[in-house]
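The structure file work.pdb is reproduced below (PDB, C-alpha atoms and all ligand atoms).
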MODEL        1
ATOM      1  CA  MET V  48       0.000   0.000   0.000
ATOM      2  CA  PRO V  49       1.225   3.531  -0.685
ATOM      3  CA  ASP V  50       2.622   5.323   2.356
ATOM      4  CA  THR V  51       1.122   8.675   1.404
ATOM      5  CA  GLN V  52      -2.181  10.431   1.820
ATOM      6  CA  ARG V  53      -1.875  12.442  -1.364
ATOM      7  CA  PRO V  54      -4.984  12.335  -3.543
ATOM      8  CA  VAL V  55      -4.594  10.463  -6.820
ATOM      9  CA  ALA V  56      -5.417  11.772 -10.296
ATOM     10  CA  LEU V  57      -5.505   9.885 -13.579
ATOM     11  CA  VAL V  58      -5.000  11.905 -16.763
ATOM     12  CA  SER V  59      -5.425  10.463 -20.248
ATOM     13  CA  GLY V  60      -3.185  11.939 -22.966
ATOM     14  CA  GLY V  61      -0.665  13.400 -20.524
ATOM     15  CA  SER V  62       2.458  13.179 -22.662
ATOM     16  CA  ARG V  63       1.966  16.421 -24.566
ATOM     17  CA  GLY V  64       0.011  19.670 -24.794
ATOM     18  CA  ILE V  65      -2.888  20.307 -22.451
ATOM     19  CA  GLY V  66      -2.588  16.894 -20.776
ATOM     20  CA  ARG V  67       1.062  17.522 -19.905
ATOM     21  CA  ALA V  68       0.197  20.909 -18.349
ATOM     22  CA  VAL V  69      -2.588  19.241 -16.349
ATOM     23  CA  VAL V  70      -0.234  16.529 -15.055
ATOM     24  CA  SER V  71       2.289  19.163 -13.909
ATOM     25  CA  ARG V  72      -0.332  21.404 -12.376
ATOM     26  CA  LEU V  73      -2.030  18.602 -10.414
ATOM     27  CA  ALA V  74       1.351  17.356  -9.211
ATOM     28  CA  HIS V  75       2.072  20.899  -7.960
ATOM     29  CA  ASP V  76      -1.363  20.924  -6.334
ATOM     30  CA  GLY V  77      -0.439  17.890  -4.238
ATOM     31  CA  PHE V  78      -1.800  14.996  -6.294
ATOM     32  CA  ASP V  79       0.036  11.820  -7.182
ATOM     33  CA  VAL V  80      -0.603  11.530 -10.900
ATOM     34  CA  ALA V  81      -0.811   8.664 -13.378
ATOM     35  CA  PHE V  82      -1.174   9.436 -17.053
ATOM     36  CA  CYS V  83      -1.367   7.519 -20.273
ATOM     37  CA  TYR V  84      -0.213   8.256 -23.788
ATOM     38  CA  ARG V  85      -0.556   6.513 -27.130
ATOM     39  CA  SER V  86       2.947   6.212 -28.567
ATOM     40  CA  ASN V  87       5.311   9.101 -27.791
ATOM     41  CA  ALA V  88       7.422   7.594 -24.989
ATOM     42  CA  GLU V  89       9.999  10.394 -25.208
ATOM     43  CA  ALA V  90       7.383  13.073 -24.617
ATOM     44  CA  ALA V  91       5.894  11.009 -21.781
ATOM     45  CA  ALA V  92       9.304  10.781 -20.103
ATOM     46  CA  ARG V  93       9.601  14.578 -20.319
ATOM     47  CA  THR V  94       6.243  15.025 -18.636
ATOM     48  CA  VAL V  95       7.277  12.669 -15.832
ATOM     49  CA  GLU V  96      10.544  14.579 -15.390
ATOM     50  CA  GLU V  97       8.789  17.969 -15.294
ATOM     51  CA  ALA V  98       6.193  16.853 -12.784
ATOM     52  CA  THR V  99       8.312  14.742 -10.454
ATOM     53  CA  GLY V 100      10.264  17.723  -9.117
ATOM     54  CA  THR V 101       7.142  18.568  -7.135
ATOM     55  CA  GLY V 102       7.550  15.594  -4.798
ATOM     56  CA  ALA V 103       4.559  13.865  -6.344
ATOM     57  CA  ARG V 104       4.672  10.312  -7.585
ATOM     58  CA  VAL V 105       4.101  10.497 -11.322
ATOM     59  CA  ILE V 106       3.771   7.418 -13.496
ATOM     60  CA  ALA V 107       3.190   6.985 -17.225
ATOM     61  CA  HIS V 108       1.694   4.017 -19.087
ATOM     62  CA  ARG V 109       1.389   3.436 -22.803
ATOM     63  CA  VAL V 110      -2.336   2.831 -23.289
ATOM     64  CA  ASP V 111      -4.688   3.259 -26.233
ATOM     65  CA  VAL V 112      -7.775   4.889 -24.694
ATOM     66  CA  ALA V 113      -9.884   3.467 -27.528
ATOM     67  CA  SER V 114      -9.425   0.024 -25.953
ATOM     68  CA  LEU V 115     -11.564  -0.583 -22.855
ATOM     69  CA  GLU V 116      -9.445  -3.619 -22.036
ATOM     70  CA  GLU V 117      -6.218  -1.575 -21.985
ATOM     71  CA  VAL V 118      -7.856   1.224 -20.013
ATOM     72  CA  ARG V 119      -9.220  -1.197 -17.405
ATOM     73  CA  ALA V 120      -5.779  -2.759 -16.954
ATOM     74  CA  PHE V 121      -4.235   0.724 -16.662
ATOM     75  CA  THR V 122      -6.744   1.897 -14.065
ATOM     76  CA  ALA V 123      -6.266  -1.266 -11.991
ATOM     77  CA  ALA V 124      -2.465  -0.888 -12.137
ATOM     78  CA  VAL V 125      -2.687   2.763 -11.069
ATOM     79  CA  GLU V 126      -4.990   2.026  -8.120
ATOM     80  CA  ASN V 127      -2.666  -0.760  -7.085
ATOM     81  CA  GLU V 128       0.416   1.448  -7.235
ATOM     82  CA  LEU V 129      -0.867   4.859  -6.117
ATOM     83  CA  GLY V 130      -4.141   4.079  -4.332
ATOM     84  CA  PRO V 131      -7.802   4.752  -5.162
ATOM     85  CA  LEU V 132      -8.504   7.483  -7.704
ATOM     86  CA  ASP V 133      -9.842  10.870  -6.607
ATOM     87  CA  ALA V 134      -9.936  12.612  -9.989
ATOM     88  CA  VAL V 135     -10.014  11.652 -13.636
ATOM     89  CA  VAL V 136      -9.185  14.056 -16.481
ATOM     90  CA  THR V 137      -9.763  12.862 -20.058
ATOM     91  CA  SER V 138      -7.472  14.851 -22.314
ATOM     92  CA  ALA V 139      -6.446  12.219 -24.898
ATOM     93  CA  GLY V 140      -7.745  13.376 -28.233
ATOM     94  CA  LEU V 141      -6.937  13.755 -31.903
ATOM     95  CA  THR V 142      -8.149  15.376 -35.105
ATOM     96  CA  ARG V 143      -8.470  13.957 -38.623
ATOM     97  CA  ASP V 144      -9.946  16.985 -40.397
ATOM     98  CA  ASN V 145     -11.679  16.851 -43.755
ATOM     99  CA  SER V 146     -14.925  17.907 -45.374
ATOM    100  CA  LEU V 147     -17.640  15.288 -44.975
ATOM    101  CA  LEU V 148     -17.535  14.706 -48.723
ATOM    102  CA  ARG V 149     -13.906  13.636 -48.527
ATOM    103  CA  MET V 150     -13.919  11.990 -45.111
ATOM    104  CA  SER V 151     -12.783   8.402 -44.951
ATOM    105  CA  ASP V 152     -14.628   5.914 -42.746
ATOM    106  CA  GLU V 153     -11.314   5.317 -41.028
ATOM    107  CA  ASP V 154     -10.883   8.986 -40.071
ATOM    108  CA  TRP V 155     -14.436   9.096 -38.719
ATOM    109  CA  ARG V 156     -13.904   5.975 -36.634
ATOM    110  CA  GLU V 157     -10.465   6.903 -35.367
ATOM    111  CA  VAL V 158     -11.662  10.255 -34.050
ATOM    112  CA  MET V 159     -14.776   8.777 -32.457
ATOM    113  CA  GLY V 160     -12.727   5.879 -31.053
ATOM    114  CA  THR V 161     -10.125   8.015 -29.331
ATOM    115  CA  ASN V 162     -12.179  11.067 -28.380
ATOM    116  CA  LEU V 163     -15.599   9.664 -27.485
ATOM    117  CA  ASP V 164     -15.035   5.956 -26.820
ATOM    118  CA  GLY V 165     -11.817   6.942 -25.043
ATOM    119  CA  THR V 166     -13.731   9.244 -22.705
ATOM    120  CA  TYR V 167     -16.320   6.533 -22.029
ATOM    121  CA  ASN V 168     -13.613   3.910 -21.439
ATOM    122  CA  VAL V 169     -11.682   5.984 -18.898
ATOM    123  CA  CYS V 170     -14.789   7.109 -17.003
ATOM    124  CA  ARG V 171     -16.302   3.601 -17.129
ATOM    125  CA  ALA V 172     -13.157   2.135 -15.595
ATOM    126  CA  ALA V 173     -13.085   4.708 -12.767
ATOM    127  CA  ILE V 174     -16.740   5.163 -11.891
ATOM    128  CA  PHE V 175     -17.366   2.126  -9.689
ATOM    129  CA  SER V 176     -14.565   3.074  -7.326
ATOM    130  CA  PHE V 177     -15.859   6.689  -7.189
ATOM    131  CA  MET V 178     -19.439   5.626  -6.439
ATOM    132  CA  LYS V 179     -18.443   3.011  -3.899
ATOM    133  CA  ARG V 180     -16.334   5.534  -2.002
ATOM    134  CA  ARG V 181     -18.874   8.346  -2.513
ATOM    135  CA  THR V 182     -16.246  10.736  -3.789
ATOM    136  CA  GLY V 183     -14.544  11.580  -7.047
ATOM    137  CA  CYS V 184     -14.368  14.110  -9.782
ATOM    138  CA  VAL V 185     -14.399  13.831 -13.565
ATOM    139  CA  VAL V 186     -13.202  16.544 -15.953
ATOM    140  CA  THR V 187     -13.625  15.837 -19.658
ATOM    141  CA  LEU V 188     -12.057  17.822 -22.491
ATOM    142  CA  SER V 189     -14.506  18.912 -25.145
ATOM    143  CA  SER V 190     -13.884  21.883 -27.443
ATOM    144  CA  ILE V 191     -15.439  25.082 -28.695
ATOM    145  CA  THR V 192     -16.024  22.974 -31.836
ATOM    146  CA  GLY V 193     -18.201  20.558 -29.876
ATOM    147  CA  VAL V 194     -20.422  23.468 -28.835
ATOM    148  CA  HIS V 195     -20.564  25.515 -32.050
ATOM    149  CA  GLY V 196     -19.385  23.184 -34.819
ATOM    150  CA  HIS V 197     -16.646  23.912 -37.347
ATOM    151  CA  ALA V 198     -16.474  23.289 -41.093
ATOM    152  CA  GLY V 199     -14.090  20.468 -41.894
ATOM    153  CA  GLN V 200     -14.473  18.863 -38.484
ATOM    154  CA  THR V 201     -17.739  16.896 -38.521
ATOM    155  CA  ASN V 202     -16.023  13.901 -36.937
ATOM    156  CA  TYR V 203     -14.234  15.943 -34.275
ATOM    157  CA  ALA V 204     -17.312  18.093 -33.541
ATOM    158  CA  ALA V 205     -19.520  15.007 -33.172
ATOM    159  CA  SER V 206     -17.051  13.419 -30.763
ATOM    160  CA  LYS V 207     -16.720  16.597 -28.709
ATOM    161  CA  ALA V 208     -20.478  17.264 -28.628
ATOM    162  CA  GLY V 209     -20.926  13.652 -27.518
ATOM    163  CA  ILE V 210     -18.543  14.281 -24.641
ATOM    164  CA  ILE V 211     -20.754  17.131 -23.436
ATOM    165  CA  GLY V 212     -23.909  14.982 -23.408
ATOM    166  CA  PHE V 213     -22.010  12.146 -21.787
ATOM    167  CA  THR V 214     -20.599  14.324 -19.023
ATOM    168  CA  LYS V 215     -23.861  16.107 -18.223
ATOM    169  CA  SER V 216     -25.627  12.745 -17.974
ATOM    170  CA  LEU V 217     -22.872  11.393 -15.755
ATOM    171  CA  ALA V 218     -23.221  14.429 -13.483
ATOM    172  CA  LYS V 219     -26.966  13.733 -13.137
ATOM    173  CA  GLU V 220     -26.409  10.028 -12.575
ATOM    174  CA  CYS V 221     -23.642  10.239  -9.999
ATOM    175  CA  GLY V 222     -24.321  13.432  -8.060
ATOM    176  CA  LYS V 223     -26.129  11.529  -5.338
ATOM    177  CA  TYR V 224     -22.950   9.520  -4.794
ATOM    178  CA  GLY V 225     -20.924  12.685  -4.246
ATOM    179  CA  VAL V 226     -19.320  12.472  -7.673
ATOM    180  CA  ARG V 227     -18.961  15.633  -9.801
ATOM    181  CA  ALA V 228     -18.456  15.773 -13.568
ATOM    182  CA  ASN V 229     -17.673  18.866 -15.641
ATOM    183  CA  VAL V 230     -16.585  19.668 -19.180
ATOM    184  CA  VAL V 231     -13.801  22.034 -20.194
ATOM    185  CA  ALA V 232     -14.213  23.456 -23.690
ATOM    186  CA  PRO V 233     -11.027  25.174 -24.872
ATOM    187  CA  GLY V 234     -10.801  27.563 -27.798
ATOM    188  CA  LEU V 235      -7.563  27.567 -29.766
ATOM    189  CA  ILE V 236      -4.681  26.452 -27.550
ATOM    190  CA  GLU V 237      -1.076  26.383 -28.788
ATOM    191  CA  THR V 238      -0.132  22.685 -28.848
ATOM    192  CA  ASP V 239       1.030  20.124 -31.409
ATOM    193  CA  MET V 240      -2.634  19.627 -32.324
ATOM    194  CA  THR V 241      -2.933  23.188 -33.624
ATOM    195  CA  ALA V 242       0.657  23.684 -34.825
ATOM    196  CA  GLY V 243      -0.323  22.815 -38.390
ATOM    197  CA  LEU V 244      -2.804  25.692 -38.782
ATOM    198  CA  THR V 245      -1.979  28.108 -41.581
ATOM    199  CA  GLU V 246      -1.019  31.656 -40.648
ATOM    200  CA  ALA V 247      -4.230  32.875 -42.284
ATOM    201  CA  ALA V 248      -6.400  30.525 -40.166
ATOM    202  CA  ARG V 249      -4.506  31.522 -37.042
ATOM    203  CA  LYS V 250      -4.979  35.241 -37.779
ATOM    204  CA  ASP V 251      -8.645  34.682 -38.520
ATOM    205  CA  ILE V 252      -9.162  33.121 -35.086
ATOM    206  CA  LEU V 253      -6.978  35.653 -33.306
ATOM    207  CA  ASP V 254      -8.974  38.527 -34.794
ATOM    208  CA  ASN V 255     -11.995  37.136 -32.941
ATOM    209  CA  VAL V 256     -10.376  36.636 -29.543
ATOM    210  CA  PRO V 257     -11.177  39.659 -27.365
ATOM    211  CA  LEU V 258      -8.238  38.900 -25.077
ATOM    212  CA  GLY V 259      -5.942  39.258 -28.082
ATOM    213  CA  ARG V 260      -3.882  36.075 -27.856
ATOM    214  CA  LEU V 261      -4.194  32.372 -28.419
ATOM    215  CA  GLY V 262      -4.478  30.086 -25.416
ATOM    216  CA  ARG V 263      -1.686  28.236 -23.633
ATOM    217  CA  PRO V 264      -1.917  24.764 -22.086
ATOM    218  CA  ASP V 265      -1.527  26.353 -18.631
ATOM    219  CA  ASP V 266      -4.685  28.412 -19.220
ATOM    220  CA  VAL V 267      -6.607  25.148 -19.422
ATOM    221  CA  ALA V 268      -4.676  23.381 -16.658
ATOM    222  CA  ASP V 269      -5.543  26.164 -14.201
ATOM    223  CA  LEU V 270      -9.260  25.607 -14.774
ATOM    224  CA  VAL V 271      -8.882  21.841 -14.428
ATOM    225  CA  SER V 272      -6.963  22.406 -11.196
ATOM    226  CA  PHE V 273      -9.868  24.441  -9.854
ATOM    227  CA  LEU V 274     -12.518  21.961 -10.997
ATOM    228  CA  VAL V 275     -10.911  18.976  -9.277
ATOM    229  CA  SER V 276     -10.394  20.940  -6.068
ATOM    230  CA  ASP V 277     -12.774  21.360  -3.175
ATOM    231  CA  ARG V 278     -13.216  25.004  -4.209
ATOM    232  CA  ALA V 279     -15.459  23.649  -6.993
ATOM    233  CA  ARG V 280     -17.456  21.429  -4.602
ATOM    234  CA  TYR V 281     -20.854  22.774  -5.764
ATOM    235  CA  ILE V 282     -20.068  22.825  -9.483
ATOM    236  CA  SER V 283     -21.212  19.886 -11.577
ATOM    237  CA  GLY V 284     -22.631  19.274 -15.044
ATOM    238  CA  GLN V 285     -21.141  22.497 -16.435
ATOM    239  CA  VAL V 286     -19.418  23.272 -19.711
ATOM    240  CA  LEU V 287     -16.717  25.838 -18.993
ATOM    241  CA  GLY V 288     -15.009  27.634 -21.850
ATOM    242  CA  VAL V 289     -11.327  28.639 -21.870
ATOM    243  CA  ASP V 290     -11.143  30.599 -25.071
ATOM    244  CA  GLY V 291     -10.201  34.215 -24.402
ATOM    245  CA  GLY V 292     -13.767  35.239 -25.220
ATOM    246  CA  LEU V 293     -13.772  33.726 -28.716
ATOM    247  CA  VAL V 294     -17.401  32.604 -28.485
ATOM    248  CA  ILE V 295     -18.899  35.946 -27.454
TER     249      ILE V 295
HETATM  250  P1  LIG B 301      -1.954  17.102 -28.407
HETATM  251  O1  LIG B 301      -2.054  16.562 -29.812
HETATM  252  O2  LIG B 301      -0.937  18.130 -28.109
HETATM  253  O3  LIG B 301      -1.756  15.858 -27.398
HETATM  254  C1  LIG B 301      -2.619  14.762 -27.496
HETATM  255  C2  LIG B 301      -2.334  13.818 -26.352
HETATM  256  O4  LIG B 301      -3.294  12.739 -26.413
HETATM  257  C3  LIG B 301      -0.968  13.167 -26.418
HETATM  258  O5  LIG B 301      -0.517  12.954 -25.107
HETATM  259  C4  LIG B 301      -1.255  11.831 -27.120
HETATM  260  O6  LIG B 301      -0.305  10.802 -26.853
HETATM  261  C5  LIG B 301      -2.606  11.496 -26.496
HETATM  262  N1  LIG B 301      -3.394  10.553 -27.275
HETATM  263  C6  LIG B 301      -3.882  10.733 -28.528
HETATM  264  N2  LIG B 301      -4.563   9.633 -28.909
HETATM  265  C7  LIG B 301      -4.503   8.750 -27.874
HETATM  266  C8  LIG B 301      -4.990   7.434 -27.660
HETATM  267  N3  LIG B 301      -5.716   6.773 -28.592
HETATM  268  N4  LIG B 301      -4.731   6.833 -26.481
HETATM  269  C9  LIG B 301      -3.999   7.479 -25.524
HETATM  270  N5  LIG B 301      -3.516   8.718 -25.657
HETATM  271  C10 LIG B 301      -3.756   9.340 -26.833
HETATM  272  O7  LIG B 301      -3.423  17.615 -28.070
HETATM  273  P2  LIG B 301      -3.892  18.861 -27.158
HETATM  274  O8  LIG B 301      -3.114  18.883 -25.913
HETATM  275  O9  LIG B 301      -3.938  20.057 -28.023
HETATM  276  O10 LIG B 301      -5.400  18.454 -26.844
HETATM  277  C11 LIG B 301      -5.772  17.834 -25.616
HETATM  278  C12 LIG B 301      -7.284  17.725 -25.574
HETATM  279  O11 LIG B 301      -7.854  19.032 -25.640
HETATM  280  C13 LIG B 301      -7.860  16.946 -26.749
HETATM  281  O12 LIG B 301      -8.951  16.180 -26.305
HETATM  282  C14 LIG B 301      -8.318  18.033 -27.685
HETATM  283  O13 LIG B 301      -9.368  17.598 -28.521
HETATM  284  C15 LIG B 301      -8.768  19.099 -26.717
HETATM  285  N6  LIG B 301      -8.752  20.437 -27.283
HETATM  286  C16 LIG B 301      -7.610  21.004 -27.768
HETATM  287  C17 LIG B 301      -7.640  22.267 -28.312
HETATM  288  C18 LIG B 301      -6.426  22.964 -28.848
HETATM  289  O14 LIG B 301      -6.590  24.061 -29.419
HETATM  290  N7  LIG B 301      -5.227  22.415 -28.707
HETATM  291  C19 LIG B 301      -8.902  23.031 -28.413
HETATM  292  C20 LIG B 301     -10.040  22.339 -27.871
HETATM  293  C21 LIG B 301      -9.958  21.095 -27.338
HETATM  294  P3  LIG B 301       1.074  10.672 -27.743
HETATM  295  O15 LIG B 301       1.980  11.775 -27.263
HETATM  296  O16 LIG B 301       1.605   9.329 -27.413
HETATM  297  O17 LIG B 301       0.670  10.824 -29.167
ENDMDL
END

Please go through the file and, once you have read it, give me the structure as structure tokens.
Amino acid sequence: MPDTQRPVALVSGGSRGIGRAVVSRLAHDGFDVAFCYRSNAEAAARTVEEATGTGARVIAHRVDVASLEEVRAFTAAVENELGPLDAVVTSAGLTRDNSLLRMSDEDWREVMGTNLDGTYNVCRAAIFSFMKRRTGCVVTLSSITGVHGHAGQTNYAASKAGIIGFTKSLAKECGKYGVRANVVAPGLIETDMTAGLTEAARKDILDNVPLGRLGRPDDVADLVSFLVSDRARYISGQVLGVDGGLVI
């Protein structure tokens, strides 16, 4: 058994971008943190290195969130090593953008598999322990695209809108067990996912951000940090934007 009383957080997609910032932030907040990634072991090692300086135990597993079997094994291993989970953050996600006319079945399925099935798989694996212990907190990552839609992203938008319905339903289902569930919906955040945007697309978005800059992973991690904390004890079933005002 672990010899620490630190709360335990599980983060999917923690090797890069928003997930990495969340891992570091929660480790600074006093959590022991386990995260998974799909394939980039080098990036995962960097996240572990960045977050371990905080005194937290930080562990990384290579897990495809689209596989319930792999996610179940991961969750069991984490609970065995770090103790029962207190918070789950589902950040693993990907894009395969194209117009619907040109979209391949494979790109549709891959996005739904990682983004939506992946969210279900992680929450499904954690929920029994949360309900049994009458505590726990879920934060899912949707997107401004899941709320408003975006041309060229029907697959991504469908997956991210699905995450909103999923999380609101979970909040209604599990509130009586003391479990909270909220959605974070970022605007454009500077990560590998958005690095391929053309300058014109970037300028177009920036022109519509009242705060005058694109988002940083830390902007999102700070909200996640708040949502998993006791300061957010009466907040559940919400969709909270982190977008510099882009949707106004
Ligand atoms: P990145 O592309 O920077 O990082 C994606 C992370 O998810 C990586 O750690 C990657 O692992 C992991 N991952 C991808 N697929 C899988 C899988 N099948 N199983 C396990 N892990 C996987 O993305 P961001 O940090 O930009 O995005 C994080 C989340 O925020 C996503 O859900 C995204 O949709 C959402 N979001 C992002 C926005 C943005 O502007 N960046 C805006 C709105 C929402 P590996 O390193 O091994 O590839």

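Reported to one decimal place, the separation of CA of Ile236 in chain V from CA of Glu89 in chain V is 21.9 Å.
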
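Comparing the minimum interatomic distances between Pro233 in chain V and each of V:Ser189, V:Thr214, V:Thr182, V:Thr94, counting all atoms listed in the file, we find that V:Ser189 sits nearest.
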
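When all atoms listed in the file are used to compute distances to Cys221 in chain V, the closest of the residues V:Val55, V:Ala90, V:Val267, V:Met178 turns out to be V:Met178.
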
Within 12 Å of range 152-156 of chain V, counting all atoms listed in the file, which residues qualify if same-chain residues fewer than 5 places away don't, as a PyMOL selection string? chain V and resi 113+141-147+161-165+199-206

The selected residues should be written to file as a compact mmCIF listing (two decimals), in the coordinates of the input (atoms: C-alpha atoms).
# COMPACT_ATOMS: atom_id res chain seq x y z
CA ALA V 113 -9.88 3.47 -27.53
CA LEU V 141 -6.94 13.76 -31.90
CA THR V 142 -8.15 15.38 -35.10
CA ARG V 143 -8.47 13.96 -38.62
CA ASP V 144 -9.95 16.98 -40.40
CA ASN V 145 -11.68 16.85 -43.76
CA SER V 146 -14.92 17.91 -45.37
CA LEU V 147 -17.64 15.29 -44.98
CA THR V 161 -10.12 8.02 -29.33
CA ASN V 162 -12.18 11.07 -28.38
CA LEU V 163 -15.60 9.66 -27.48
CA ASP V 164 -15.04 5.96 -26.82
CA GLY V 165 -11.82 6.94 -25.04
CA GLY V 199 -14.09 20.47 -41.89
CA GLN V 200 -14.47 18.86 -38.48
CA THR V 201 -17.74 16.90 -38.52
CA ASN V 202 -16.02 13.90 -36.94
CA TYR V 203 -14.23 15.94 -34.28
CA ALA V 204 -17.31 18.09 -33.54
CA ALA V 205 -19.52 15.01 -33.17
CA SER V 206 -17.05 13.42 -30.76

Please report, as CSV, each residue of chain V lying at most 7 Å from ligand LIG 301 (chain B), together with the nearest pair of atoms and the separation in Å rounded to one decimal; use all atoms listed in the file, and order rows by chain and ascending residue number.
residue,atom,partner,partner_atom,distance
V:Ser59,CA,B:LIG301,N5,6.0
V:Gly60,CA,B:LIG301,O4,3.5
V:Gly61,CA,B:LIG301,O5,4.6
V:Ser62,CA,B:LIG301,O5,3.9
V:Arg63,CA,B:LIG301,O5,4.3
V:Gly64,CA,B:LIG301,O8,3.4
V:Ile65,CA,B:LIG301,O8,3.8
V:Gly66,CA,B:LIG301,O8,5.5
V:Cys83,CA,B:LIG301,C9,5.9
V:Tyr84,CA,B:LIG301,N5,3.8
V:Arg85,CA,B:LIG301,O16,3.6
V:Ser86,CA,B:LIG301,O16,3.6
V:Asn87,CA,B:LIG301,O16,3.7
V:Ala88,CA,B:LIG301,O16,6.5
V:Ala90,CA,B:LIG301,O15,6.2
V:Ala91,CA,B:LIG301,O15,6.8
V:Val110,CA,B:LIG301,C9,5.4
V:Asp111,CA,B:LIG301,N4,3.6
V:Val112,CA,B:LIG301,N4,4.0
V:Ala113,CA,B:LIG301,N3,5.4
V:Ser138,CA,B:LIG301,C12,4.4
V:Ala139,CA,B:LIG301,O4,3.5
V:Gly140,CA,B:LIG301,O12,3.6
V:Leu141,CA,B:LIG301,C6,5.5
V:Thr161,CA,B:LIG301,N3,4.6
V:Asn162,CA,B:LIG301,O12,6.4
V:Leu188,CA,B:LIG301,O12,5.2
V:Ser189,CA,B:LIG301,C21,5.5
V:Ser190,CA,B:LIG301,C20,3.9
V:Ile191,CA,B:LIG301,C20,6.1
V:Ala232,CA,B:LIG301,C20,6.0
V:Pro233,CA,B:LIG301,C20,4.2
V:Gly234,CA,B:LIG301,C19,5.0
V:Leu235,CA,B:LIG301,O14,3.7
V:Ile236,CA,B:LIG301,O14,3.6
V:Glu237,CA,B:LIG301,N7,5.7
V:Thr238,CA,B:LIG301,O2,4.7
V:Asp239,CA,B:LIG301,O2,4.3
V:Met240,CA,B:LIG301,O1,4.0
V:Thr241,CA,B:LIG301,N7,5.5

Preceding selection exported with C-alpha atoms as a PDB file, keeping the file's coordinate frame:
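Writing done, so here's again-v7.pdb:
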ATOM      1  CA  SER V  59      -5.425  10.463 -20.248  1.00  0.00           C
ATOM      2  CA  GLY V  60      -3.185  11.939 -22.966  1.00  0.00           C
ATOM      3  CA  GLY V  61      -0.665  13.400 -20.524  1.00  0.00           C
ATOM      4  CA  SER V  62       2.458  13.179 -22.662  1.00  0.00           C
ATOM      5  CA  ARG V  63       1.966  16.421 -24.566  1.00  0.00           C
ATOM      6  CA  GLY V  64       0.011  19.670 -24.794  1.00  0.00           C
ATOM      7  CA  ILE V  65      -2.888  20.307 -22.451  1.00  0.00           C
ATOM      8  CA  GLY V  66      -2.588  16.894 -20.776  1.00  0.00           C
ATOM      9  CA  CYS V  83      -1.367   7.519 -20.273  1.00  0.00           C
ATOM     10  CA  TYR V  84      -0.213   8.256 -23.788  1.00  0.00           C
ATOM     11  CA  ARG V  85      -0.556   6.513 -27.130  1.00  0.00           C
ATOM     12  CA  SER V  86       2.947   6.212 -28.567  1.00  0.00           C
ATOM     13  CA  ASN V  87       5.311   9.101 -27.791  1.00  0.00           C
ATOM     14  CA  ALA V  88       7.422   7.594 -24.989  1.00  0.00           C
ATOM     15  CA  ALA V  90       7.383  13.073 -24.617  1.00  0.00           C
ATOM     16  CA  ALA V  91       5.894  11.009 -21.781  1.00  0.00           C
ATOM     17  CA  VAL V 110      -2.336   2.831 -23.289  1.00  0.00           C
ATOM     18  CA  ASP V 111      -4.688   3.259 -26.233  1.00  0.00           C
ATOM     19  CA  VAL V 112      -7.775   4.889 -24.694  1.00  0.00           C
ATOM     20  CA  ALA V 113      -9.884   3.467 -27.528  1.00  0.00           C
ATOM     21  CA  SER V 138      -7.472  14.851 -22.314  1.00  0.00           C
ATOM     22  CA  ALA V 139      -6.446  12.219 -24.898  1.00  0.00           C
ATOM     23  CA  GLY V 140      -7.745  13.376 -28.233  1.00  0.00           C
ATOM     24  CA  LEU V 141      -6.937  13.755 -31.903  1.00  0.00           C
ATOM     25  CA  THR V 161     -10.125   8.015 -29.331  1.00  0.00           C
ATOM     26  CA  ASN V 162     -12.179  11.067 -28.380  1.00  0.00           C
ATOM     27  CA  LEU V 188     -12.057  17.822 -22.491  1.00  0.00           C
ATOM     28  CA  SER V 189     -14.506  18.912 -25.145  1.00  0.00           C
ATOM     29  CA  SER V 190     -13.884  21.883 -27.443  1.00  0.00           C
ATOM     30  CA  ILE V 191     -15.439  25.082 -28.695  1.00  0.00           C
ATOM     31  CA  ALA V 232     -14.213  23.456 -23.690  1.00  0.00           C
ATOM     32  CA  PRO V 233     -11.027  25.174 -24.872  1.00  0.00           C
ATOM     33  CA  GLY V 234     -10.801  27.563 -27.798  1.00  0.00           C
ATOM     34  CA  LEU V 235      -7.563  27.567 -29.766  1.00  0.00           C
ATOM     35  CA  ILE V 236      -4.681  26.452 -27.550  1.00  0.00           C
ATOM     36  CA  GLU V 237      -1.076  26.383 -28.788  1.00  0.00           C
ATOM     37  CA  THR V 238      -0.132  22.685 -28.848  1.00  0.00           C
ATOM     38  CA  ASP V 239       1.030  20.124 -31.409  1.00  0.00           C
ATOM     39  CA  MET V 240      -2.634  19.627 -32.324  1.00  0.00           C
ATOM     40  CA  THR V 241      -2.933  23.188 -33.624  1.00  0.00           C
TER      41      THR V 241
END

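With distances taken over all atoms listed in the file, V:Arg227 is the one residue among V:His197, V:Arg53, V:Lys250, V:Arg227 lying closest to Cys170 in chain V.
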
Figure out the distance between CA of Phe177 in chain V and CA of Leu287 in chain V, please, to one decimal in Å. 22.5 Å

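If you count only C-alpha atoms and ignore residues fewer than 2 places along the chain from range 269-273 of chain V, what sits within 10 Å of it is Ala68, Val69, Val70, Arg72, Leu73, Ala74, His75, Asp76, Val136, Val185, Val186, Thr187, Leu188, Asn229, Val230, Val231, Pro264, Asp265, Asp266, Val267, Val275, Ser276, Asp277, Arg278, Ala279, Arg280, Leu287, Gly288 and Val289 of chain V.
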
Selection under test: the PyMOL selection byres (((chain V and resi 295) around 12) and not hetatm); residues as a list in words: Ile191, His195, Gly234, Asn255, Val256, Pro257, Leu258, Gly288, Val289, Asp290, Gly291, Gly292, Leu293 and Val294 of chain V

Step by step, work through what the PyMOL selection byres (((chain V and resi 119) around 12) and not hetatm) selects in the shown file, and finish by giving those residues as a PyMOL selection string. chain V and resi 110-118+120-126+165+167-175

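Going from CA of Ser283 in chain V over to CA of Arg181 in chain V, you cover 14.9 Å.
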
Mind giving me the axis-aligned box for range 198-217 of chain V with 5 Å on every side, centre plus edges in Å to one decimal, as JSON?
{"center_x": -19.9, "center_y": 17.3, "center_z": -28.8, "size_x": 21.5, "size_y": 21.9, "size_z": 36.1}
